[in-house]
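Visitor: First, the structure itself, so that you have it in front of you.
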Amino acid sequence: LDLFRSAAEAGPHDILKLYNPKGNIINISPSLEPNGPASCYKLEVVAADCNSEPSRPSGSEPRSAPGSLLTVSVCRPSRHHGSPLSLQAVGGRRDHGSPLVLLCVPAGSGRTQRSWFSSGSPLCPRRQWEDAEIMVLLQLMYTDLDLLSTFNIEPEVLQQFLFEVYRRYNNIPFHNFKHCFCVTQMMYGLIWLTDLRSKVENVDLLIMLTSAVCHDLDHAGYNNAYQINARTELALRYNDISPLENHHCAVAFEILQKKESNIFRNLSSDQYKRIREGIIKCILATDMTRHNEILNKFKSILHGFDFSNKEHKDLLMMVLIKVSDISNEARPMEVAEPWLDCLLQEFFNQSDVEKLEGLPVSPFMDRDKVTKPSSQIGFIRFVLLPLFVELANLFPCLEMEKALDKEKQNWAQNQEAPEARQNLDQKPQNQKPSDPRRTPRTDVSGI
């Protein structure tokens with residue numbers, strides 16, 4: 001990978017894309033075939049680390065030589081399997097060199113927009129990646145888990161699948177394509193952090209990653225309660241039983257019905273049946289009305305958890321996608337809070353419609369009653385923490401509850417501050433002011 005960076009004159013933390021002669025994105029991996037001047041690969045810098053930018057002349061782009069050919073041998077040491085792939089190392093592994101011909105293309109050439117990211121953040125803020133770049137990162141997750149080689153998934157088919165997925169996520173405040181990426185990135189990270197590759201079969205990894213990618217397909221921004229109360233087509237079709245989650249599953253397999261986007265087309269009937277069953281179970285588990293049911297079942301098997309027991313593994317996969325789906329509050333405040341704003345906007349949009357249509361309004365969605373601190377304290381305390389604590393009981397390495405505890409304290413202080421100011425206004429002037437330690441924090445460090 002360093003040789004590719006050198007060829008493109010890219011920084012050590014820049015993100016590269018590699019195209020084959022047909023213009024399709026391919027992976028920098030051991031499977032790269034030797035080529036020639038008549039069929040050159042195209043290398044492009046598509047995202048640059050803002051920390052390395054000052055080393056470049058102001059206003060300049062990374063230099064490259066469009067049209068020039070470079071013959072290189074690619075050698076990269078194996079990455080340690082005990083840690084998740086980072087955004088700074090998005091290449092594959094190679095045990096021996098082979099000649100390649102590359103066409104270097106400058107960033108900003110019109111193919112994609114330039115995008116900035118902070119390499120020190122557990123997840124880049126929601127608006128810092130272009131959708132095309134997110135699709136590349138999703139493809140890299142499949143590649144890094146060896147799912148393409150294990151299940152004979154052609155790169156072109158995976159690209160088409162991810163593009164069809166992208167098309168079926170709607171442009172709404174929260175349940176959009178970037179949320180899909182955040183959930184999938186968390187699932188991918190959990191797989192590495194818990195060393196699941198050594199504990200479950202590859203087919204289970206394929207189920208979990210694909211479920212995360214597809215879990216909110218065609219979400220319209222209105223929850224199941226609205227679907228049922230408004231007697232929508234989805235509620236009628238699915239008899240009021242998890243109408244959204246059933247719809248997400250149906251859209252996923254509608255995409256997979258098309259030959260050009262069916263990443264499972266080279267699998268046996270038995271493999272496909274198992275994967276379909278697993279994806280449906282995982283996506284249906286994201287219905288929050290089933291939260292306590294799934295959590296209680298998981299708690300009941302923890303003491304004797306057995307990775308060879310299919311029922312135990314199924315429950316674990318359901319818990320992992322639930323954790324991934326609602327894990328924003330385990331991220332740093334600067335990442336979590338913008339997502340909370342988006343979620344509340346979606347909630348408020350729904351409550352406005354419910355009021356207009358004379359439907360029951362969920363209290364946690366009413367813009368006249370909800371504040372950010374009040375919405376988060378209860379959610380973290382009664383939903384997130386119990387789930388994350390039980391997962392950490394199985395995988396002590398996670399320690400996610402520590403991040404949530406800090407987040408809960410932060411929101412509690414945010415909630416206390418207005419009350420303190422109100423009490424101060426009501427006190428006689430000769431009374432001491434409130435304890436300044438009650439001032440809300442604006443940042444959370446160490447997460």
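Within each chain, counting starts at residue 1; across the structure tokens, chains are named A, B, ... in the order shown, with ligands numbered 1 upward in that order.
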I'd like the contact shell of Gln159 (chain A) - 9 Å cut-off, only C-alpha atoms, skipping same-chain residues fewer than 3 positions apart - returned as JSON, numbers by chain.

Guide: {"A": [24, 25, 135, 136, 139, 154, 155, 156, 162, 163, 164, 261]}

Visitor: Pick out each residue of region 119-317 of chain A that DSSP on the backbone tags as helix (DSSP H, G or I); I need them as an MDAnalysis selection string.

Guide: chainID A and resid 131:144 147:150 155:167 177:193 196:198 202:214 224:229 233:237 243:257 259:261 269:284 288:302 310:317

Visitor: I need the residues from that last selection saved to file as a tab-separated table (two decimals), in the first residue's frame (with C-alpha atoms), if you can.

Guide:
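Saved result, result-v9.tsv, follows:
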chain	number	residue	atom	x	y	z
A	131	ASP	CA	-21.83	8.58	-0.52
A	132	ALA	CA	-19.57	7.11	-3.22
A	133	GLU	CA	-16.71	6.90	-0.74
A	134	ILE	CA	-18.97	5.24	1.83
A	135	MET	CA	-19.78	2.54	-0.72
A	136	VAL	CA	-16.06	1.91	-1.18
A	137	LEU	CA	-15.60	1.59	2.59
A	138	LEU	CA	-18.50	-0.86	2.81
A	139	GLN	CA	-16.93	-2.91	0.05
A	140	LEU	CA	-13.65	-2.91	1.95
A	141	MET	CA	-15.38	-4.31	5.03
A	142	TYR	CA	-16.62	-7.29	3.00
A	143	THR	CA	-13.14	-7.74	1.54
A	144	ASP	CA	-11.30	-7.43	4.84
A	147	LEU	CA	-16.24	-12.68	2.48
A	148	LEU	CA	-15.62	-12.16	-1.25
A	149	SER	CA	-13.16	-15.02	-1.55
A	150	THR	CA	-15.00	-17.32	0.86
A	155	PRO	CA	-16.48	-7.41	-6.88
A	156	GLU	CA	-18.71	-6.05	-9.65
A	157	VAL	CA	-21.75	-7.77	-8.13
A	158	LEU	CA	-20.94	-6.44	-4.66
A	159	GLN	CA	-20.59	-2.93	-6.10
A	160	GLN	CA	-23.96	-3.23	-7.83
A	161	PHE	CA	-25.55	-4.60	-4.65
A	162	LEU	CA	-24.24	-1.66	-2.60
A	163	PHE	CA	-25.40	0.78	-5.26
A	164	GLU	CA	-28.90	-0.71	-5.22
A	165	VAL	CA	-28.88	-0.50	-1.41
A	166	TYR	CA	-27.82	3.14	-1.65
A	167	ARG	CA	-30.69	3.87	-4.03
A	177	PHE	CA	-27.60	5.82	3.91
A	178	LYS	CA	-25.11	7.38	6.31
A	179	HIS	CA	-26.96	5.76	9.22
A	180	CYS	CA	-26.65	2.47	7.33
A	181	PHE	CA	-22.90	3.03	7.17
A	182	CYS	CA	-22.62	3.91	10.87
A	183	VAL	CA	-24.45	0.74	11.88
A	184	THR	CA	-22.38	-1.41	9.53
A	185	GLN	CA	-19.14	0.20	10.70
A	186	MET	CA	-20.07	-0.55	14.31
A	187	MET	CA	-20.93	-4.15	13.43
A	188	TYR	CA	-17.63	-4.51	11.57
A	189	GLY	CA	-15.74	-3.05	14.54
A	190	LEU	CA	-17.48	-5.35	17.01
A	191	ILE	CA	-16.61	-8.38	14.87
A	192	TRP	CA	-12.92	-7.49	15.11
A	193	LEU	CA	-12.89	-6.31	18.73
A	196	LEU	CA	-15.69	-13.25	16.30
A	197	ARG	CA	-13.78	-14.57	13.29
A	198	SER	CA	-12.31	-17.26	15.52
A	202	ASN	CA	-17.85	-17.10	8.00
A	203	VAL	CA	-21.48	-17.47	7.00
A	204	ASP	CA	-22.46	-15.85	10.31
A	205	LEU	CA	-20.17	-12.89	9.57
A	206	LEU	CA	-21.80	-12.53	6.15
A	207	ILE	CA	-25.24	-12.57	7.77
A	208	MET	CA	-24.31	-9.92	10.34
A	209	LEU	CA	-22.62	-7.51	7.94
A	210	THR	CA	-25.33	-7.79	5.27
A	211	SER	CA	-28.08	-7.42	7.88
A	212	ALA	CA	-26.46	-4.19	9.07
A	213	VAL	CA	-26.24	-2.86	5.51
A	214	CYS	CA	-29.91	-3.65	4.81
A	224	ASN	CA	-44.25	1.31	13.46
A	225	ALA	CA	-46.66	3.05	15.83
A	226	TYR	CA	-47.51	5.54	13.11
A	227	GLN	CA	-47.82	2.81	10.48
A	228	ILE	CA	-50.30	0.92	12.65
A	229	ASN	CA	-52.29	3.93	13.87
A	233	GLU	CA	-50.25	-0.11	3.39
A	234	LEU	CA	-47.29	-1.60	5.27
A	235	ALA	CA	-49.34	-2.16	8.42
A	236	LEU	CA	-52.10	-3.82	6.41
A	237	ARG	CA	-49.65	-5.96	4.45
A	243	PRO	CA	-44.33	-3.56	9.46
A	244	LEU	CA	-41.14	-1.55	8.95
A	245	GLU	CA	-38.71	-4.35	9.71
A	246	ASN	CA	-40.63	-6.77	7.50
A	247	HIS	CA	-40.50	-4.19	4.73
A	248	HIS	CA	-36.74	-3.71	5.14
A	249	CYS	CA	-36.28	-7.47	4.74
A	250	ALA	CA	-38.53	-7.59	1.69
A	251	VAL	CA	-36.65	-4.75	-0.03
A	252	ALA	CA	-33.31	-6.42	0.75
A	253	PHE	CA	-34.32	-9.67	-0.91
A	254	GLU	CA	-35.94	-7.79	-3.77
A	255	ILE	CA	-32.48	-6.36	-4.48
A	256	LEU	CA	-30.95	-9.83	-4.10
A	257	GLN	CA	-33.45	-11.27	-6.60
A	259	LYS	CA	-28.83	-11.41	-10.85
A	260	GLU	CA	-26.56	-8.39	-11.26
A	261	SER	CA	-26.85	-7.45	-7.57
A	269	SER	CA	-29.46	-23.65	-1.90
A	270	ASP	CA	-28.72	-24.70	1.67
A	271	GLN	CA	-26.30	-21.81	2.19
A	272	TYR	CA	-28.78	-19.32	0.74
A	273	LYS	CA	-31.57	-20.65	2.94
A	274	ARG	CA	-29.43	-20.30	6.05
A	275	ILE	CA	-28.33	-16.78	5.14
A	276	ARG	CA	-31.87	-15.65	4.33
A	277	GLU	CA	-33.13	-17.03	7.64
A	278	GLY	CA	-30.32	-15.29	9.53
A	279	ILE	CA	-30.78	-11.91	7.85
A	280	ILE	CA	-34.53	-11.95	8.49
A	281	LYS	CA	-33.97	-12.79	12.17
A	282	CYS	CA	-31.41	-10.02	12.57
A	283	ILE	CA	-33.41	-7.29	10.85
A	284	LEU	CA	-36.65	-8.21	12.64
A	288	MET	CA	-37.60	-1.91	19.55
A	289	THR	CA	-40.90	-3.35	20.78
A	290	ARG	CA	-39.00	-6.67	21.02
A	291	HIS	CA	-36.13	-5.16	23.01
A	292	ASN	CA	-36.95	-6.63	26.43
A	293	GLU	CA	-37.86	-10.01	24.95
A	294	ILE	CA	-34.49	-10.35	23.20
A	295	LEU	CA	-32.50	-8.93	26.11
A	296	ASN	CA	-34.10	-11.30	28.63
A	297	LYS	CA	-33.47	-14.33	26.39
A	298	PHE	CA	-29.85	-13.29	25.97
A	299	LYS	CA	-29.38	-12.84	29.72
A	300	SER	CA	-30.83	-16.31	30.35
A	301	ILE	CA	-28.17	-18.04	28.21
A	302	LEU	CA	-25.14	-15.95	29.15
A	310	LYS	CA	-27.12	-22.26	16.96
A	311	GLU	CA	-29.80	-20.78	19.23
A	312	HIS	CA	-27.12	-19.04	21.28
A	313	LYS	CA	-25.38	-17.72	18.16
A	314	ASP	CA	-28.66	-16.47	16.70
A	315	LEU	CA	-29.40	-14.54	19.88
A	316	LEU	CA	-25.89	-13.08	19.90
A	317	MET	CA	-26.26	-11.89	16.31

Visitor: Find the residues around Asp366 (chain A) up to 8 Å (only C-alpha atoms counted), leave out those fewer than 6 positions away in its own chain, and share them as an NGL selection string.

Guide: :A and (347-348 or 351-352)

Visitor: From the set A:Glu357, A:Phe395, A:Cys342, A:Arg5, which residue has the shortest atom-to-atom contact distance to Lys199 (chain A), counting only C-alpha atoms?

Guide: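 Checking each candidate against Lys199 (chain A), we get A:Phe395 as the closest.
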
Visitor: One decimal, in Å: what's the spacing between CA of Asn35 (chain A) and CA of Asp14 (chain A)?

Guide: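 Separation of CA of Asn35 (chain A) and CA of Asp14 (chain A): 24.9 Å.
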
Visitor: Mind giving me the straight-line distance from CA of Ala285 (chain A) to CA of Met318 (chain A) in Å, one decimal?

Guide: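 For CA of Ala285 (chain A) relative to CA of Met318 (chain A), the distance reads 5.8 Å.
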
Visitor: Considering only C-alpha atoms, state which residue in the set A:His215, A:Lys322, A:Lys372, A:Arg367 is at the smallest distance from Glu337 (chain A).

Guide: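 With only C-alpha atoms as the atom set, the closest residue is A:Lys372.
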
Visitor: Which residue out of A:Leu356, A:Leu16, A:Leu387, A:Ile377 has the minimum interatomic distance to Ser327 (chain A) when only C-alpha atoms are used?

Guide: A:Leu387

Visitor: Measuring between only C-alpha atoms, which one of A:Asp368, A:Asp287, A:Asp195, A:Glu201 shows the shortest distance to Ile326 (chain A)?

Guide: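 Using only C-alpha atoms, Ile326 (chain A) sits closest to A:Asp287.
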